[in-house]
Structures are given as structure tokens and as C-alpha cells.
$ cat work_10.pdb   # PDB, C-alpha atoms and all ligand atoms
ATOM      1  CA  MET A   1     -37.327  58.968  89.517
ATOM      2  CA  PRO A   2     -36.357  60.493  86.171
ATOM      3  CA  ASP A   3     -38.032  63.736  85.226
ATOM      4  CA  ALA A   4     -41.618  63.003  84.214
ATOM      5  CA  GLN A   5     -41.291  64.153  80.600
ATOM      6  CA  VAL A   6     -39.015  61.267  79.595
ATOM      7  CA  ASP A   7     -40.251  57.738  78.962
ATOM      8  CA  ALA A   8     -38.063  54.650  78.949
ATOM      9  CA  ALA A   9     -38.428  54.116  75.200
ATOM     10  CA  GLN A  10     -36.845  57.516  74.587
ATOM     11  CA  LEU A  11     -33.969  56.565  76.896
ATOM     12  CA  THR A  12     -33.455  53.325  74.974
ATOM     13  CA  GLU A  13     -33.400  55.217  71.690
ATOM     14  CA  LEU A  14     -30.821  57.634  73.094
ATOM     15  CA  ALA A  15     -28.666  54.799  74.455
ATOM     16  CA  ALA A  16     -28.848  52.926  71.146
ATOM     17  CA  GLY A  17     -27.802  55.900  69.050
ATOM     18  CA  ILE A  18     -24.862  56.755  71.306
ATOM     19  CA  ALA A  19     -23.798  53.106  71.575
ATOM     20  CA  ARG A  20     -23.708  52.830  67.794
ATOM     21  CA  GLU A  21     -21.652  56.041  67.392
ATOM     22  CA  ALA A  22     -19.276  55.047  70.197
ATOM     23  CA  GLY A  23     -18.914  51.494  68.908
ATOM     24  CA  ASP A  24     -18.085  52.696  65.428
ATOM     25  CA  LEU A  25     -15.357  54.888  66.949
ATOM     26  CA  ALA A  26     -13.995  51.873  68.833
ATOM     27  CA  ARG A  27     -13.953  49.834  65.612
ATOM     28  CA  LEU A  28     -12.120  52.654  63.787
ATOM     29  CA  ARG A  29      -9.495  52.891  66.522
ATOM     30  CA  ARG A  30      -9.074  49.104  66.485
ATOM     31  CA  ALA A  31      -8.355  49.242  62.745
ATOM     32  CA  GLU A  32      -5.806  52.022  63.311
ATOM     33  CA  GLY A  33      -4.006  49.991  65.969
ATOM     34  CA  VAL A  34      -4.721  49.757  69.699
ATOM     35  CA  LEU A  35      -2.552  51.613  72.200
ATOM     36  CA  LEU A  36      -2.280  50.303  75.739
ATOM     37  CA  ALA A  37      -2.930  53.188  78.138
ATOM     38  CA  ALA A  38      -2.474  51.492  81.505
ATOM     39  CA  THR A  39      -3.056  48.397  83.608
ATOM     40  CA  LYS A  40      -5.441  48.377  86.585
ATOM     41  CA  SER A  41      -5.882  45.532  89.095
ATOM     42  CA  SER A  42      -3.226  43.352  87.441
ATOM     43  CA  LEU A  43      -1.036  43.232  84.343
ATOM     44  CA  ALA A  44      -3.881  41.343  82.653
ATOM     45  CA  ASP A  45      -6.427  44.063  83.520
ATOM     46  CA  ILE A  46      -5.727  46.540  80.746
ATOM     47  CA  VAL A  47      -7.215  49.818  79.562
ATOM     48  CA  THR A  48      -6.567  51.157  76.087
ATOM     49  CA  GLU A  49      -6.565  54.712  74.820
ATOM     50  CA  ALA A  50      -9.728  53.761  72.938
ATOM     51  CA  ASP A  51     -11.511  52.768  76.186
ATOM     52  CA  ARG A  52     -10.889  56.267  77.501
ATOM     53  CA  GLU A  53     -11.730  58.059  74.236
ATOM     54  CA  VAL A  54     -14.940  56.089  73.719
ATOM     55  CA  GLU A  55     -16.154  56.673  77.283
ATOM     56  CA  ALA A  56     -15.426  60.398  76.937
ATOM     57  CA  LEU A  57     -17.574  60.489  73.781
ATOM     58  CA  ILE A  58     -20.441  58.635  75.496
ATOM     59  CA  ARG A  59     -20.239  60.852  78.581
ATOM     60  CA  SER A  60     -20.274  63.998  76.441
ATOM     61  CA  ARG A  61     -23.275  62.886  74.355
ATOM     62  CA  LEU A  62     -25.256  61.909  77.462
ATOM     63  CA  SER A  63     -24.408  65.149  79.275
ATOM     64  CA  THR A  64     -25.603  67.178  76.289
ATOM     65  CA  ALA A  65     -28.804  65.189  75.886
ATOM     66  CA  ARG A  66     -29.603  64.767  79.575
ATOM     67  CA  PRO A  67     -27.825  67.351  81.738
ATOM     68  CA  GLY A  68     -28.162  66.534  85.433
ATOM     69  CA  ASP A  69     -28.320  62.773  84.992
ATOM     70  CA  GLY A  70     -25.819  60.756  87.010
ATOM     71  CA  PHE A  71     -22.985  58.761  85.442
ATOM     72  CA  LEU A  72     -21.062  55.633  86.431
ATOM     73  CA  GLY A  73     -18.376  54.621  83.953
ATOM     74  CA  GLU A  74     -15.600  52.040  83.996
ATOM     75  CA  GLU A  75     -12.857  54.492  83.070
ATOM     76  CA  SER A  76     -13.914  57.969  84.201
ATOM     77  CA  GLY A  77     -15.724  57.331  87.464
ATOM     78  CA  ALA A  78     -19.009  58.627  88.796
ATOM     79  CA  ALA A  79     -21.164  61.768  88.953
ATOM     80  CA  GLU A  80     -24.215  62.219  91.173
ATOM     81  CA  SER A  81     -27.653  62.487  89.580
ATOM     82  CA  THR A  82     -29.976  65.482  90.086
ATOM     83  CA  THR A  83     -32.755  63.967  87.941
ATOM     84  CA  GLY A  84     -33.130  60.527  89.549
ATOM     85  CA  LEU A  85     -31.595  58.841  86.524
ATOM     86  CA  THR A  86     -28.031  57.460  86.263
ATOM     87  CA  TRP A  87     -26.223  56.156  83.180
ATOM     88  CA  VAL A  88     -24.033  53.069  83.724
ATOM     89  CA  VAL A  89     -21.447  52.679  80.958
ATOM     90  CA  ASP A  90     -18.801  50.202  79.851
ATOM     91  CA  PRO A  91     -17.167  51.812  76.816
ATOM     92  CA  ILE A  92     -15.484  48.624  75.628
ATOM     93  CA  ASP A  93     -16.592  45.434  77.360
ATOM     94  CA  GLY A  94     -14.238  42.643  76.385
ATOM     95  CA  THR A  95     -11.188  44.881  76.457
ATOM     96  CA  VAL A  96      -8.730  41.991  76.174
ATOM     97  CA  ASN A  97     -10.577  40.674  73.106
ATOM     98  CA  TYR A  98     -10.468  44.193  71.672
ATOM     99  CA  ALA A  99      -6.734  44.485  72.284
ATOM    100  CA  TYR A 100      -6.077  41.117  70.622
ATOM    101  CA  GLY A 101      -8.319  41.859  67.622
ATOM    102  CA  ILE A 102     -11.019  39.345  68.606
ATOM    103  CA  ALA A 103     -14.504  40.453  67.477
ATOM    104  CA  MET A 104     -16.320  39.701  70.762
ATOM    105  CA  TYR A 105     -16.312  43.170  72.318
ATOM    106  CA  SER A 106     -19.192  45.589  72.949
ATOM    107  CA  VAL A 107     -20.320  49.000  74.099
ATOM    108  CA  SER A 108     -22.788  48.788  77.009
ATOM    109  CA  ILE A 109     -25.007  51.717  78.062
ATOM    110  CA  ALA A 110     -27.791  51.457  80.662
ATOM    111  CA  ALA A 111     -30.137  53.983  82.277
ATOM    112  CA  VAL A 112     -31.082  53.152  85.878
ATOM    113  CA  THR A 113     -33.240  54.731  88.560
ATOM    114  CA  GLY A 114     -32.612  54.396  92.289
ATOM    115  CA  GLY A 115     -28.970  55.432  92.355
ATOM    116  CA  ALA A 116     -25.655  53.878  91.302
ATOM    117  CA  ASP A 117     -25.804  50.778  93.533
ATOM    118  CA  PRO A 118     -26.500  47.613  91.485
ATOM    119  CA  ASP A 119     -28.246  46.079  94.483
ATOM    120  CA  ALA A 120     -30.663  49.010  94.664
ATOM    121  CA  TRP A 121     -31.096  50.309  91.107
ATOM    122  CA  THR A 122     -33.780  49.475  88.546
ATOM    123  CA  ALA A 123     -32.566  49.392  84.980
ATOM    124  CA  VAL A 124     -35.156  51.017  82.704
ATOM    125  CA  ALA A 125     -33.325  51.154  79.359
ATOM    126  CA  GLY A 126     -30.262  49.539  77.853
ATOM    127  CA  ALA A 127     -28.234  49.042  74.700
ATOM    128  CA  VAL A 128     -25.378  46.639  73.943
ATOM    129  CA  TYR A 129     -23.630  47.150  70.589
ATOM    130  CA  ALA A 130     -21.074  44.756  69.093
ATOM    131  CA  PRO A 131     -19.358  46.923  66.441
ATOM    132  CA  ALA A 132     -17.266  44.195  64.819
ATOM    133  CA  LEU A 133     -20.347  41.990  64.492
ATOM    134  CA  GLY A 134     -22.801  44.750  63.509
ATOM    135  CA  GLU A 135     -25.363  43.759  66.167
ATOM    136  CA  LEU A 136     -27.250  46.173  68.426
ATOM    137  CA  PHE A 137     -29.237  44.687  71.315
ATOM    138  CA  THR A 138     -31.748  46.919  73.107
ATOM    139  CA  ALA A 139     -34.233  46.623  75.949
ATOM    140  CA  THR A 140     -36.809  48.857  77.592
ATOM    141  CA  ARG A 141     -38.382  47.856  80.912
ATOM    142  CA  GLY A 142     -41.825  46.607  80.036
ATOM    143  CA  GLY A 143     -41.088  46.932  76.331
ATOM    144  CA  GLY A 144     -39.189  43.745  75.583
ATOM    145  CA  ALA A 145     -35.688  42.916  74.426
ATOM    146  CA  TRP A 146     -34.752  43.322  70.765
ATOM    147  CA  LEU A 147     -32.046  42.646  68.209
ATOM    148  CA  GLY A 148     -32.935  45.136  65.522
ATOM    149  CA  GLY A 149     -36.580  44.351  64.753
ATOM    150  CA  GLN A 150     -36.395  40.808  66.186
ATOM    151  CA  ARG A 151     -37.957  40.315  69.621
ATOM    152  CA  LEU A 152     -35.728  38.194  71.865
ATOM    153  CA  ALA A 153     -36.627  35.266  74.127
ATOM    154  CA  VAL A 154     -34.506  33.072  76.389
ATOM    155  CA  THR A 155     -34.529  29.315  75.860
ATOM    156  CA  THR A 156     -36.857  27.298  78.081
ATOM    157  CA  HIS A 157     -35.841  23.669  77.446
ATOM    158  CA  THR A 158     -32.371  22.081  77.438
ATOM    159  CA  PRO A 159     -33.015  18.384  76.677
ATOM    160  CA  ALA A 160     -29.418  17.813  75.523
ATOM    161  CA  GLY A 161     -27.995  19.788  78.433
ATOM    162  CA  ALA A 162     -27.424  23.543  78.675
ATOM    163  CA  LEU A 163     -25.019  25.594  76.571
ATOM    164  CA  LEU A 164     -23.448  27.703  79.325
ATOM    165  CA  GLY A 165     -21.310  30.830  79.189
ATOM    166  CA  THR A 166     -18.899  31.966  81.857
ATOM    167  CA  GLY A 167     -15.781  34.050  82.422
ATOM    168  CA  PHE A 168     -12.780  34.422  84.702
ATOM    169  CA  GLY A 169     -11.232  37.318  86.581
ATOM    170  CA  TYR A 170      -7.981  39.078  85.882
ATOM    171  CA  ASP A 171      -6.420  37.827  89.128
ATOM    172  CA  PRO A 172      -4.785  34.419  88.525
ATOM    173  CA  ALA A 173      -5.342  33.597  92.211
ATOM    174  CA  THR A 174      -9.091  33.360  91.499
ATOM    175  CA  HIS A 175      -8.798  30.914  88.618
ATOM    176  CA  GLU A 176      -8.658  27.686  90.662
ATOM    177  CA  GLY A 177     -11.869  28.546  92.512
ATOM    178  CA  ASP A 178     -13.618  29.665  89.341
ATOM    179  CA  LEU A 179     -12.638  26.436  87.580
ATOM    180  CA  ALA A 180     -14.068  24.471  90.529
ATOM    181  CA  THR A 181     -17.318  26.390  90.049
ATOM    182  CA  VAL A 182     -17.315  25.423  86.367
ATOM    183  CA  GLY A 183     -16.775  21.780  87.358
ATOM    184  CA  SER A 184     -19.758  21.886  89.696
ATOM    185  CA  VAL A 185     -22.201  22.912  86.943
ATOM    186  CA  MET A 186     -20.859  20.802  84.060
ATOM    187  CA  PRO A 187     -23.289  17.933  84.881
ATOM    188  CA  LEU A 188     -26.034  20.374  83.753
ATOM    189  CA  ALA A 189     -24.183  21.385  80.576
ATOM    190  CA  ARG A 190     -23.861  20.160  77.019
ATOM    191  CA  ASP A 191     -20.902  22.503  76.549
ATOM    192  CA  LEU A 192     -19.277  25.706  77.780
ATOM    193  CA  ARG A 193     -18.355  28.969  76.097
ATOM    194  CA  ARG A 194     -15.954  31.594  77.413
ATOM    195  CA  MET A 195     -16.311  34.477  74.972
ATOM    196  CA  GLY A 196     -14.784  37.362  76.936
ATOM    197  CA  SER A 197     -17.526  40.009  77.072
ATOM    198  CA  ALA A 198     -20.067  39.690  79.877
ATOM    199  CA  ALA A 199     -22.386  42.169  78.166
ATOM    200  CA  LEU A 200     -22.467  39.960  75.055
ATOM    201  CA  ASP A 201     -22.703  36.749  77.111
ATOM    202  CA  LEU A 202     -25.830  38.125  78.781
ATOM    203  CA  SER A 203     -27.171  39.468  75.476
ATOM    204  CA  TYR A 204     -26.751  35.976  74.035
ATOM    205  CA  VAL A 205     -28.758  34.479  76.902
ATOM    206  CA  ALA A 206     -31.518  36.977  76.046
ATOM    207  CA  ALA A 207     -31.283  35.952  72.374
ATOM    208  CA  GLY A 208     -31.348  32.217  73.100
ATOM    209  CA  ARG A 209     -27.790  31.798  71.805
ATOM    210  CA  LEU A 210     -26.716  30.631  75.259
ATOM    211  CA  ASP A 211     -29.027  28.774  77.635
ATOM    212  CA  GLY A 212     -27.379  30.263  80.705
ATOM    213  CA  TYR A 213     -24.440  32.293  81.993
ATOM    214  CA  PHE A 214     -22.637  32.633  85.314
ATOM    215  CA  GLU A 215     -19.537  34.509  86.388
ATOM    216  CA  ARG A 216     -17.940  35.840  89.569
ATOM    217  CA  GLY A 217     -16.462  39.301  89.919
ATOM    218  CA  LEU A 218     -18.254  41.354  87.278
ATOM    219  CA  LYS A 219     -18.336  45.124  87.665
ATOM    220  CA  PRO A 220     -21.718  46.933  87.591
ATOM    221  CA  TRP A 221     -21.072  48.344  84.105
ATOM    222  CA  ASP A 222     -20.406  44.854  82.714
ATOM    223  CA  PHE A 223     -24.007  43.751  83.296
ATOM    224  CA  ALA A 224     -26.184  46.871  83.847
ATOM    225  CA  ALA A 225     -27.663  46.930  80.328
ATOM    226  CA  ALA A 226     -27.581  43.252  79.380
ATOM    227  CA  ALA A 227     -29.212  42.057  82.615
ATOM    228  CA  LEU A 228     -32.257  44.089  81.550
ATOM    229  CA  LEU A 229     -32.126  42.370  78.151
ATOM    230  CA  VAL A 230     -32.321  38.959  79.866
ATOM    231  CA  GLU A 231     -35.215  39.999  82.112
ATOM    232  CA  GLU A 232     -37.167  41.515  79.214
ATOM    233  CA  ALA A 233     -36.545  38.301  77.229
ATOM    234  CA  GLY A 234     -38.258  36.250  79.945
ATOM    235  CA  GLY A 235     -35.171  35.215  81.870
ATOM    236  CA  ARG A 236     -33.963  35.664  85.426
ATOM    237  CA  VAL A 237     -30.795  37.422  86.604
ATOM    238  CA  VAL A 238     -29.703  37.021  90.224
ATOM    239  CA  ARG A 239     -26.513  38.164  91.958
ATOM    240  CA  LEU A 240     -25.310  36.039  94.870
ATOM    241  CA  ASP A 241     -22.668  36.854  97.527
ATOM    242  CA  THR A 242     -23.240  40.562  96.894
ATOM    243  CA  ALA A 243     -21.403  41.459 100.126
ATOM    244  CA  SER A 244     -18.278  39.673  98.886
ATOM    245  CA  ALA A 245     -15.504  41.081  96.706
ATOM    246  CA  ARG A 246     -16.622  38.813  93.845
ATOM    247  CA  PRO A 247     -20.424  38.478  93.651
ATOM    248  CA  LEU A 248     -21.709  35.643  91.467
ATOM    249  CA  ILE A 249     -24.179  36.476  88.672
ATOM    250  CA  ILE A 250     -26.488  33.771  87.279
ATOM    251  CA  ALA A 251     -28.655  34.405  84.204
ATOM    252  CA  ALA A 252     -30.939  31.916  82.420
ATOM    253  CA  GLY A 253     -34.554  31.000  81.698
ATOM    254  CA  PRO A 254     -36.533  30.252  84.888
ATOM    255  CA  ASP A 255     -36.120  26.450  84.933
ATOM    256  CA  LEU A 256     -32.383  26.384  84.213
ATOM    257  CA  HIS A 257     -31.862  29.319  86.561
ATOM    258  CA  GLU A 258     -33.404  27.262  89.368
ATOM    259  CA  ARG A 259     -31.172  24.278  88.583
ATOM    260  CA  LEU A 260     -28.039  26.409  88.364
ATOM    261  CA  SER A 261     -28.918  28.155  91.629
ATOM    262  CA  GLN A 262     -29.368  24.814  93.406
ATOM    263  CA  VAL A 263     -25.760  23.985  92.498
ATOM    264  CA  LEU A 264     -24.159  27.414  92.844
ATOM    265  CA  ASP A 265     -26.035  28.977  95.766
ATOM    266  CA  LYS A 266     -24.314  26.977  98.482
TER     267      LYS A 266
HETATM  268  C1  LIG B 301     -14.645  41.792  81.182
HETATM  269  C2  LIG B 301     -15.932  41.004  81.224
HETATM  270  C3  LIG B 301     -15.654  39.511  81.105
HETATM  271  C4  LIG B 301     -14.797  39.084  82.257
HETATM  272  C5  LIG B 301     -13.496  39.843  82.229
HETATM  273  C6  LIG B 301     -13.739  41.367  82.287
HETATM  274  P1  LIG B 301     -13.924  44.292  80.703
HETATM  275  O1  LIG B 301     -14.938  43.160  81.292
HETATM  276  O2  LIG B 301     -16.765  41.409  80.163
HETATM  277  O3  LIG B 301     -16.840  38.741  81.111
HETATM  278  O4  LIG B 301     -14.563  37.701  82.200
HETATM  279  O5  LIG B 301     -12.723  39.447  83.342
HETATM  280  O6  LIG B 301     -14.325  41.685  83.527
HETATM  281  O7  LIG B 301     -12.817  44.372  81.686
HETATM  282  O8  LIG B 301     -13.445  43.848  79.376
HETATM  283  O9  LIG B 301     -14.757  45.553  80.651
END
$ encode --input "work_10.pdb" --output "C-alpha cells"
Amino acid sequence: MPDAQVDAAQLTELAAGIAREAGDLARLRRAEGVLLAATKSSLADIVTEADREVEALIRSRLSTARPGDGFLGEESGAAESTTGLTWVVDPIDGTVNYAYGIAMYSVSIAAVTGGADPDAWTAVAGAVYAPALGELFTATRGGGAWLGGQRLAVTTHTPAGALLGTGFGYDPATHEGDLATVGSVMPLARDLRRMGSAALDLSYVAAGRLDGYFERGLKPWDFAAAALLVEEAGGRVVRLDTASARPLIIAAGPDLHERLSQVLDK
């Protein structure tokens, strides 16, 4: 457990301030022109110089504020915790959008207890900041989910069908199966959105801008903060096939979550 002096609200405040500073740096670098630093699992799986610079800033700010906390970041790896608390960070979620100049990208910072395993941790604080859109989503366990001063709530009724969000992996070999998954849930849907940032997709479920979201193959840093947003907004987040290489995440209000799970949890 984190050291006793710190409460979750303070962690949320810290995450929010760092997310805003880091996101503003990302937006500045975007305006200056994005430099491709490397590719990872495939040519489509890119990392920019800004991804690395932004994560370094976040890691430095967290280390100064909370020495001894653990860290798990998309670009710079992991560090063990000596306090019981670990920070899970995606410096730029929606990297392809960012590289193409599309506004749907975000900085995601979460504080978790219970170690760096998403199947074992408990998220206690989180912030998701969309710099190009000027929106900062925050959540504290037991304290609700917020967009600025507006308390968030998931939708509970979808009489015209559900507005669903999803995404696809960087490996083209996975696209056929993922499209089959989309086909299986379309009878529940009014329409589908593929916006390119899982952290924002989940934040939008929390805000009622999407009724539900599902995607295979997310990394822990993609969802660590925004899954807490959904839960604190009255929704459910479940990961299926967690022993597989591409676990399936489903997020929605309770009723739609049940209906999606009946189709997807086969
Ligand atoms: C991205 C996710 C997105 C998913 C992409 C990628 P990244 O994260 O936010 O939902 O469809 O394949 O995983 O790589 O931009 O941090």
C-alpha cells in the first residue's frame, strides 16, 4: 500500500498537473514537426521523439514528487516500487493520430497499488489529458470521475442501439479476426467509432460520449487511468482472455456490458 501520508485525491492532483504539463509539451512538439524515432512491433507501430521526451518529463516529475514509487511506461520500461505505489504511463496514446496531426491523442497517467500487473493492481488515481482538445479527465477511487468540474456518468439506456468504440492492432494479421469481432456486436450497435486512442475511447465511455468500447491487444498503459474513469462513472471494465497475447477489454454501463459480454465472451 502507498505510504500512509498520501491520499488518492493528492495522487490525482499530482497526475493531473503532470499530465497537463506533459501534454502541452507534446502539443508544442507536434506544432514544431514530429520526428519518427523508431518502429516497434511492426512498421505501423511507431514511436516519435516526442513520445520519448514526454515520458522522460513525466518520469522525472513523478520521481521528484514521489521518490521510491514504481514506474511502468510505454517507452522507458519499468522500475520496482518501494512504497507500494506504481505509476503507469502512456506519454502519447494515439501515437499514429499524433504523427498524422489528428487531434485524438492523449497523455495517460495512473497510480496503482498491488504491483505492475494489470490483473492484480488496483488503480487509485488517474488523469487523461487531450492537449489538442483542451480536455482533462480525472478520477479518484471512491471520489468519482470528472471532466474539469463536471462529474461524469456512463449511459444506461441505448434505445436506438449503442454507439460503440473499438480499435485495431498494428499487426495486419490480426485485422480479419478483429473485424469479425466487430461484425458480431453490430446487431447491438447504432454505429461504430474508431478514434485511435484507447485512453480517450474509455474516457468517452465514462463521459457518456460512447455507450461502450471494446478492443483486443491493448497494453496496460493504454487503459490504466481511463478504466478507473469508467468505473468511477458507474460503468464496468472487464478484460477477457488475459492469458492470451491479445486480451479483450470491454467497457460500458452495466446493462450494455452484460449484452456485449454475452456476445464477446465465447
Ligand atoms: C494505441 C491505442 C489504440 C489502439 C492502437 C494503439 P498507442 O496506443 O490507444 O486504441 O487501437 O493500436 O495500441 O500505441 O498509440 O499508445
$ atom_distance --input "work_10.pdb" --atom1 "atom CA of A:Ala139" --atom2 "atom CA of A:Ala224"
11.3 Å
$ closest_residue --input "work_10.pdb" --among "A:Leu210, A:Trp221, A:Ala120, A:Phe137" --to "A:Glu55" --atoms "only C-alpha atoms"
A:Trp221
$ closest_residue --input "work_10.pdb" --among "A:Leu228, A:Leu264, A:Ala252, A:Val237" --to "A:Arg209" --atoms "only C-alpha atoms"
A:Ala252
$ residues_around --input "work_10.pdb" --residues "stretch 217-219 of chain A" --least-positions-apart "6" --cutoff "8 Å" --atoms "only C-alpha atoms" --output "PyMOL selection string"
chain A and resi 169+198+245-249
$ residues_near_ligand --input "work_10.pdb" --ligand "ligand LIG 301 (chain B)" --cutoff "8 Å" --atoms "only C-alpha atoms and all ligand atoms" --output "ChimeraX atom specification"
/A:45-46,74,90-97,105,166-170,194-201,215,217-219,221-222
$ residues_around --input "work_10.pdb" --residues "A:Thr156" --least-positions-apart "4" --cutoff "9 Å" --atoms "all atoms listed in the file" --output "ChimeraX atom specification"
/A:208,211,235,252-256
$ residues_around --input "work_10.pdb" --residues "A:Ala162" --least-positions-apart "6" --cutoff "7 Å" --atoms "only C-alpha atoms" --output "list in words"
Leu188, Ala189, Arg190, Asp191 and Asp211 of chain A
$ residues_around --input "work_10.pdb" --residues "A:Gly17" --least-positions-apart "4" --cutoff "12 Å" --atoms "only C-alpha atoms" --output "PyMOL selection string"
chain A and resi 10-13+21-24+58+61-62+65+107-109+126-129+136-138
$ atom_distance --input "work_10.pdb" --atom1 "atom CA of A:Gly68" --atom2 "atom CA of A:Ala225"
20.3 Å
$ closest_residue --input "work_10.pdb" --among "A:Gly177, A:Pro159, A:Gly149, A:Gly143" --to "A:Leu229" --atoms "all atoms listed in the file"
A:Gly143
$ closest_residue --input "work_10.pdb" --among "A:Ser81, A:Gly101, A:Ala251, A:Arg66" --to "A:Ala116" --atoms "all atoms listed in the file"
A:Ser81
$ atom_distance --input "work_10.pdb" --atom1 "atom CA of A:Val89" --atom2 "atom CA of A:Ala110"
6.5 Å
$ closest_residue --input "work_10.pdb" --among "A:Val154, A:Leu202, A:Val124, A:Thr82" --to "A:Gly234" --atoms "all atoms listed in the file"
A:Val154
$ closest_residue --input "work_10.pdb" --among "A:Ala99, A:Ala79, A:Ala8, A:Ala50" --to "A:Val112" --atoms "all atoms listed in the file"
A:Ala8
